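Source file: entry38.cif (mmCIF, C-alpha atoms)
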data_upload
loop_
_atom_site.group_PDB
_atom_site.id
_atom_site.type_symbol
_atom_site.label_atom_id
_atom_site.label_comp_id
_atom_site.auth_asym_id
_atom_site.auth_seq_id
_atom_site.Cartn_x
_atom_site.Cartn_y
_atom_site.Cartn_z
ATOM 1 C CA PRO A 1 43.470 -54.519 3.269
ATOM 2 C CA PRO A 2 40.367 -53.190 1.443
ATOM 3 C CA ILE A 3 40.696 -55.972 -1.123
ATOM 4 C CA ALA A 4 41.017 -58.635 1.583
ATOM 5 C CA ALA A 5 37.935 -57.284 3.364
ATOM 6 C CA ALA A 6 35.955 -57.272 0.130
ATOM 7 C CA ALA A 7 37.130 -60.807 -0.616
ATOM 8 C CA LEU A 8 36.003 -61.938 2.826
ATOM 9 C CA ARG A 9 32.587 -60.326 2.316
ATOM 10 C CA LEU A 10 32.239 -61.985 -1.082
ATOM 11 C CA ARG A 11 33.254 -65.334 0.395
ATOM 12 C CA ARG A 12 30.597 -64.979 3.097
ATOM 13 C CA TRP A 13 28.023 -64.040 0.483
ATOM 14 C CA VAL A 14 28.866 -67.101 -1.611
ATOM 15 C CA VAL A 15 28.600 -69.380 1.435
ATOM 16 C CA ALA A 16 25.336 -67.729 2.526
ATOM 17 C CA ARG A 17 23.829 -68.402 -0.924
ATOM 18 C CA GLY A 18 24.644 -72.059 -0.674
ATOM 19 C CA PHE A 19 27.770 -72.242 -2.767
ATOM 20 C CA GLU A 20 30.393 -73.984 -0.657
ATOM 21 C CA PRO A 21 33.959 -73.284 -1.745
ATOM 22 C CA ARG A 22 36.019 -76.399 -2.244
ATOM 23 C CA ARG A 23 39.018 -76.700 0.047
ATOM 24 C CA ARG A 24 42.379 -77.542 -1.401
ATOM 25 C CA GLY A 25 43.102 -81.173 -1.180
ATOM 26 C CA ALA A 26 39.452 -82.139 -0.698
ATOM 27 C CA ALA A 27 37.670 -84.561 -3.000
ATOM 28 C CA HIS A 28 35.260 -83.283 -5.623
ATOM 29 C CA GLY A 29 32.467 -85.704 -4.718
ATOM 30 C CA ALA A 30 29.433 -85.325 -2.535
ATOM 31 C CA GLY A 31 30.004 -85.352 1.212
ATOM 32 C CA ALA A 32 33.595 -84.285 0.872
ATOM 33 C CA SER A 33 33.214 -81.260 3.155
ATOM 34 C CA ASP A 34 32.907 -81.696 6.895
ATOM 35 C CA ALA A 35 32.336 -77.971 7.644
ATOM 36 C CA SER A 36 28.675 -77.755 6.604
ATOM 37 C CA PRO A 37 26.016 -78.269 9.271
ATOM 38 C CA ASP A 38 23.525 -79.679 6.747
ATOM 39 C CA GLU A 39 25.071 -82.803 5.220
ATOM 40 C CA GLY A 40 22.007 -83.770 3.198
ATOM 41 C CA VAL A 41 21.889 -80.429 1.424
ATOM 42 C CA GLU A 42 25.540 -80.575 0.440
ATOM 43 C CA ALA A 43 24.913 -83.203 -2.169
ATOM 44 C CA ASP A 44 22.609 -80.890 -4.117
ATOM 45 C CA LEU A 45 24.929 -77.839 -4.082
ATOM 46 C CA PRO A 46 27.716 -77.379 -6.579
ATOM 47 C CA ILE A 47 31.208 -77.190 -5.135
ATOM 48 C CA ILE A 48 33.304 -74.124 -6.057
ATOM 49 C CA ASP A 49 37.046 -73.969 -5.826
ATOM 50 C CA GLU A 50 38.340 -71.473 -3.210
ATOM 51 C CA ARG A 51 40.960 -70.242 -5.623
ATOM 52 C CA ALA A 52 38.253 -69.517 -8.171
ATOM 53 C CA VAL A 53 36.317 -67.555 -5.564
ATOM 54 C CA GLU A 54 39.420 -65.488 -4.764
ATOM 55 C CA GLN A 55 40.050 -64.811 -8.437
ATOM 56 C CA LEU A 56 36.417 -63.863 -9.021
ATOM 57 C CA THR A 57 36.576 -61.622 -5.972
ATOM 58 C CA GLU A 58 39.765 -59.943 -7.170
ATOM 59 C CA GLY A 59 38.281 -59.528 -10.648
ATOM 60 C CA LEU A 60 35.101 -58.037 -9.252
ATOM 61 C CA ILE A 61 37.072 -55.725 -6.996
ATOM 62 C CA SER A 62 39.465 -54.711 -9.776
ATOM 63 C CA HIS A 63 36.448 -53.965 -11.972
ATOM 64 C CA TYR A 64 34.657 -51.741 -9.443
ATOM 65 C CA LEU A 65 37.597 -50.420 -7.399
ATOM 66 C CA PRO A 66 38.697 -47.692 -9.881
ATOM 67 C CA ASP A 67 35.150 -46.353 -10.050
ATOM 68 C CA LEU A 68 34.889 -46.481 -6.268
ATOM 69 C CA GLN A 69 38.248 -44.723 -5.894
ATOM 70 C CA ARG A 70 37.166 -42.037 -8.364
ATOM 71 C CA SER A 71 33.915 -41.671 -6.436
ATOM 72 C CA LYS A 72 35.888 -41.420 -3.205
ATOM 73 C CA ALA A 73 38.144 -38.742 -4.713
ATOM 74 C CA ALA A 74 35.095 -36.879 -6.042
ATOM 75 C CA LEU A 75 33.460 -37.050 -2.600
ATOM 76 C CA GLN A 76 36.650 -35.747 -0.984
ATOM 77 C CA GLU A 77 36.766 -32.910 -3.481
ATOM 78 C CA LEU A 78 33.116 -32.137 -2.825
ATOM 79 C CA THR A 79 33.796 -32.175 0.910
ATOM 80 C CA GLN A 80 36.708 -29.770 0.449
ATOM 81 C CA ASN A 81 34.565 -27.526 -1.737
ATOM 82 C CA GLN A 82 31.853 -27.641 0.896
ATOM 83 C CA VAL A 83 34.358 -26.565 3.555
ATOM 84 C CA VAL A 84 35.510 -23.705 1.320
ATOM 85 C CA LEU A 85 31.898 -22.683 0.712
ATOM 86 C CA LEU A 86 31.162 -22.759 4.430
ATOM 87 C CA GLU A 87 34.200 -20.577 5.143
ATOM 88 C CA THR A 88 33.170 -18.168 2.385
ATOM 89 C CA LEU A 89 29.643 -18.067 3.742
ATOM 90 C CA GLU A 90 30.978 -17.317 7.223
ATOM 91 C CA GLN A 91 33.075 -14.480 5.779
ATOM 92 C CA GLU A 92 30.020 -13.079 3.980
ATOM 93 C CA ILE A 93 28.003 -13.246 7.189
ATOM 94 C CA THR A 94 30.816 -11.353 8.926
ATOM 95 C CA LYS A 95 30.732 -8.740 6.135
ATOM 96 C CA PHE A 96 26.975 -8.324 6.576
ATOM 97 C CA ARG A 97 27.465 -7.855 10.310
ATOM 98 C CA GLU A 98 30.137 -5.253 9.562
ATOM 99 C CA CYS A 99 27.761 -3.540 7.126
ATOM 100 C CA ASN A 100 25.149 -3.338 9.866
ATOM 101 C CA SER A 101 27.815 -1.887 12.133
ATOM 102 C CA ILE A 102 28.715 0.615 9.401
ATOM 103 C CA LEU A 103 25.054 1.587 9.097
ATOM 104 C CA ASP A 104 25.010 2.179 12.842
ATOM 105 C CA ILE A 105 28.193 4.225 12.515
ATOM 106 C CA ASN A 106 26.636 6.211 9.663
ATOM 107 C CA ALA A 107 23.632 6.943 11.855
ATOM 108 C CA LEU A 108 25.974 8.109 14.615
ATOM 109 C CA PHE A 109 27.842 10.345 12.170
ATOM 110 C CA SER A 110 24.616 11.902 10.897
ATOM 111 C CA GLU A 111 23.520 12.487 14.499
ATOM 112 C CA ALA A 112 26.924 14.006 15.283
ATOM 113 C CA LYS A 113 26.587 16.273 12.228
ATOM 114 C CA HIS A 114 23.156 17.382 13.427
ATOM 115 C CA TYR A 115 24.475 18.219 16.891
ATOM 116 C CA HIS A 116 27.507 19.939 15.384
ATOM 117 C CA SER A 117 25.231 22.230 13.391
ATOM 118 C CA LYS A 118 23.287 22.965 16.591
ATOM 119 C CA LEU A 119 26.549 23.839 18.356
ATOM 120 C CA VAL A 120 27.569 26.118 15.494
ATOM 121 C CA ASN A 121 24.216 27.899 15.729
ATOM 122 C CA ILE A 122 24.582 28.292 19.493
ATOM 123 C CA ARG A 123 28.108 29.656 19.049
ATOM 124 C CA ASN A 124 26.884 32.156 16.448
ATOM 125 C CA ASP A 125 24.062 33.213 18.783
ATOM 126 C CA MET A 126 26.537 33.628 21.645
ATOM 127 C CA MET A 127 28.864 35.726 19.458
ATOM 128 C CA MET A 128 25.937 37.929 18.395
ATOM 129 C CA LEU A 129 24.848 38.317 22.036
ATOM 130 C CA HIS A 130 28.433 39.154 22.993
ATOM 131 C CA GLU A 131 28.574 41.861 20.323
ATOM 132 C CA LYS A 132 25.232 43.291 21.469
ATOM 133 C CA THR A 133 26.308 43.328 25.128
ATOM 134 C CA SER A 134 29.599 44.968 24.164
ATOM 135 C CA LYS A 135 27.713 47.677 22.254
ATOM 136 C CA LEU A 136 25.296 48.117 25.152
ATOM 137 C CA LYS A 137 28.188 48.420 27.612
ATOM 138 C CA LYS A 138 29.834 51.066 25.434
ATOM 139 C CA ARG A 139 26.559 52.948 25.126
ATOM 140 C CA ALA A 140 25.962 52.694 28.862
ATOM 141 C CA LEU A 141 29.478 53.982 29.528
ATOM 142 C CA LYS A 142 28.951 56.910 27.135
ATOM 143 C CA LEU A 143 25.595 57.694 28.749
ATOM 144 C CA GLN A 144 27.175 57.526 32.202
ATOM 145 C CA GLN A 145 30.004 59.823 31.112
ATOM 146 C CA LYS A 146 27.485 62.209 29.535
ATOM 147 C CA ARG A 147 25.403 62.267 32.738
ATOM 148 C CA GLN A 148 28.484 62.807 34.850
ATOM 149 C CA LYS A 149 29.525 65.634 32.548
ATOM 150 C CA GLU A 150 26.045 67.141 32.724
ATOM 151 C CA GLU A 151 26.068 66.770 36.532
ATOM 152 C CA LEU A 152 29.468 68.400 36.675
ATOM 153 C CA GLU A 153 28.278 71.203 34.401
ATOM 154 C CA ARG A 154 25.133 71.712 36.559
ATOM 155 C CA GLU A 155 27.243 71.726 39.693
ATOM 156 C CA GLN A 156 29.598 74.245 38.149
ATOM 157 C CA GLN A 157 26.632 76.310 36.957
ATOM 158 C CA ARG A 158 25.156 76.318 40.479
ATOM 159 C CA GLU A 159 28.478 77.307 41.925
ATOM 160 C CA LYS A 160 28.751 80.152 39.418
ATOM 161 C CA GLU A 161 25.216 81.278 40.194
ATOM 162 C CA LEU A 162 25.942 81.136 43.938
ATOM 163 C CA GLU A 163 29.137 83.102 43.420
ATOM 164 C CA ARG A 164 27.286 85.651 41.341
ATOM 165 C CA GLU A 165 24.585 85.994 43.909
ATOM 166 C CA LYS A 166 27.255 86.550 46.537
ATOM 167 C CA GLN A 167 28.785 89.200 44.406
ATOM 168 C CA LEU A 168 25.434 90.824 43.741
ATOM 169 C CA THR A 169 24.351 91.001 47.354
ATOM 170 C CA ALA A 170 24.961 94.394 48.931
ATOM 171 C CA LYS A 171 27.954 94.693 51.063
ATOM 172 C CA PRO A 172 28.100 97.234 53.818
ATOM 173 C CA ALA A 173 30.710 99.785 53.155
ATOM 174 C CA ARG A 174 33.625 100.021 55.391
ATOM 175 C CA ARG A 175 34.386 103.145 57.115
ATOM 176 C CA THR A 176 37.796 104.238 56.984
#
Starting from the file, lay out its structure as structure tokens.
Amino acid sequence: PPIAAAALRLRRWVVARGFEPRRRGAAHGAGASDASPDEGVEADLPIIDERAVEQLTEGLISHYLPDLQRSKAALQELTQNQVVLLETLEQEITKFRECNSILDINALFSEAKHYHSKLVNIRNDMMMLHEKTSKLKKRALKLQQKRQKEELEREQQREKELEREKQLTAKPARRT
């Protein structure tokens, strides 16, 4: 089919240039063709055999067809390579997007590390405050116990002094 189409184009070109192909069975003289609209011009134009035109067409096509087929194959290969390059480029773009995402993730991790260190410091402060409050509670308890002991001792001392005073006060003697 490509050869027939090329032959048809060549035939049209030959007719358009004024070379009328000779039909089989037609006479070789002037005025032998009835297909031309200009009968006066036909006498000046050389008549070419249709078979010769077909052979020239086939020769021309056979001469250029391998180069055209190689060019077609090269273009197909280039197209395939272009598709591969486009796919590779798309993959690289995806990798760059992932790298940007990784940079964002790295920023989040550094922020998380910063807040983690803050939490560790807060925990250490809370543990130190807990130890101080525990020590203060123990000290307060000891002070309270000491005060209670001192109060008890004072109370006992007062009671002893009152008892002593009672014993020292003069008692009327009993008559018997």
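Picture a line from atom CA of Glu54 of chain A to atom CA of Leu10 of chain A; it runs 8.8 Å.
Atom pair atom CA of Ile48 of chain A / atom CA of Arg9 of chain A: separated by 16.2 Å.
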Residue members of the PyMOL selection byres ((chain A and resi 6) around 12) in the file shown, as a PyMOL selection string:
chain A and resi 1-5+7-13+53-54+56-62+64-65
Judged by all atoms listed in the file, the minimum distance to Val14 of chain A among A:Leu86, A:Ala52, A:Pro66, A:Arg139 is found for A:Ala52
Pairwise distance for atom CA of Cys99 of chain A and atom CA of Tyr115 of chain A, rounded to one decimal in Å:
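Answer for the atom CA of Cys99 of chain A to atom CA of Tyr115 of chain A separation: 24.1 Å.
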